[in-house]
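Student: Here's a structure for you.
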Amino acid sequence: MNLNDKDIDRYSRNILLPEIGGEGQYKLLQAKVLVIGIGGLGSPLLMYLAAAGIGNITIIDSDKVELSNLQRQVIHSTYNIGKFKVDSAKNFIDQINPEINITKINSRIDEHNINDLISKNDIIADGSDNFKTRFLVADTCYKLKKTLVSAAITKYEGQISTWKNSKKLPCYRCLFANEPIDNNSNNCSSNGVLGSIGGVFGSLQATEIIKETLKIGNSLAGFLNIYDLLNNTFRKIKVIKDPNCKLCSGKKND
């Protein structure tokens, strides 16, 4: 372990936590995280990963900043309208923590690049805004045995879970067997979303990524947490492994 004086000062509040300490902070600095989408979830997620000292972060998004994004995508500013989100995000992160490595990919994640991207990282954070991408990411993470921390938001609520390749744990398709026919039926542009909801769930994603990196606390794997912040309700649902799951059961499905 080799933390310099600047590291010790910058991350002192992390290091004071007994579950992290100097050794844990060094692990965070060595970690490799892929963040998919720099929108309502990816914006606060990136900010807190960078501030916490996740040392190697790859960001992928093909969109440009629009005025309607700024209500919730807090990593971007009015000045950045019309610029690519990866450039806007990288510039902001450099102001938070110039000591970490940010790799920006101005593209959509798809079947051509996903294996390479996921295989090079330790933990994957999905903040995408469509079901096609979510299913592709979940399937690939399972096949490549990578931990996935996935969240989704709409209106006043959101959900979050962690997915792992384990004989004892359910996979994403145990809960969501098939991709919906309408790929954009539940996104923010269709239904609206309170901007601060993205802050809540992006922060939760960052927390779960830190926990999974350090192997501390109770993992969300095997559970789905749903928060309705308008009505102040919280549900923690145990996800049951589907013995006939088309992905993890080993059975062939027509």
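Residue names in the structure tokens use chain letters A, B, ... in the order shown, residue numbers from 1 in each chain, and ligand numbers from 1 in the order shown.
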Using only C-alpha atoms, what table do you get, as a Markdown table, when you list each residue of range 173-241 of chain A with an atom no more than 9 Å from range 44-61 of chain A, its nearest pair of atoms, and their distance in Å rounded to one decimal, rows by chain then rising number?
Tutor:
| residue | atom | partner | partner_atom | distance |
| --- | --- | --- | --- | --- |
| A:Gly198 | CA | A:Pro44 | CA | 7.4 |
| A:Gly199 | CA | A:Pro44 | CA | 5.6 |
| A:Val200 | CA | A:Pro44 | CA | 8.4 |
| A:Phe201 | CA | A:Leu45 | CA | 8.2 |
| A:Gly202 | CA | A:Leu45 | CA | 4.4 |
| A:Ser203 | CA | A:Leu45 | CA | 5.6 |
| A:Leu204 | CA | A:Leu45 | CA | 8.0 |
| A:Gln205 | CA | A:Leu45 | CA | 6.4 |
| A:Ala206 | CA | A:Leu45 | CA | 5.3 |
| A:Thr207 | CA | A:Tyr48 | CA | 8.4 |
| A:Ile209 | CA | A:Leu49 | CA | 8.4 |
| A:Ile210 | CA | A:Leu49 | CA | 8.0 |
Student: Which residues, written as a PyMOL selection string, have at least one atom at most 12 Å from range 105-118 of chain A, with only C-alpha atoms counted and residues fewer than 2 positions away on the same chain left out?
Tutor: chain A and resi 32-38+57-64+83-90+102-103+120-130+132-148
Student: What is the distance, in Å and to one decimal place, between CA of Leu70 in chain A and CA of Gly195 in chain A?
Tutor: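 Between CA of Leu70 in chain A and CA of Gly195 in chain A the gap is 8.7 Å.
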Student: Measuring atom to atom with only C-alpha atoms, identify which of A:Tyr11, A:Phe234, A:Phe223, A:Tyr26 is nearest to Pro170 in chain A.
Tutor: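 Using only C-alpha atoms, the shortest distance to Pro170 in chain A belongs to A:Phe223.
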Student: When distances are computed from only C-alpha atoms, which of A:Glu99, A:Glu66, A:Asp7, A:Glu157 shows the smallest separation from Thr233 in chain A?
Tutor: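 Looking at the shortest contact to Thr233 in chain A, the residue is A:Glu157.
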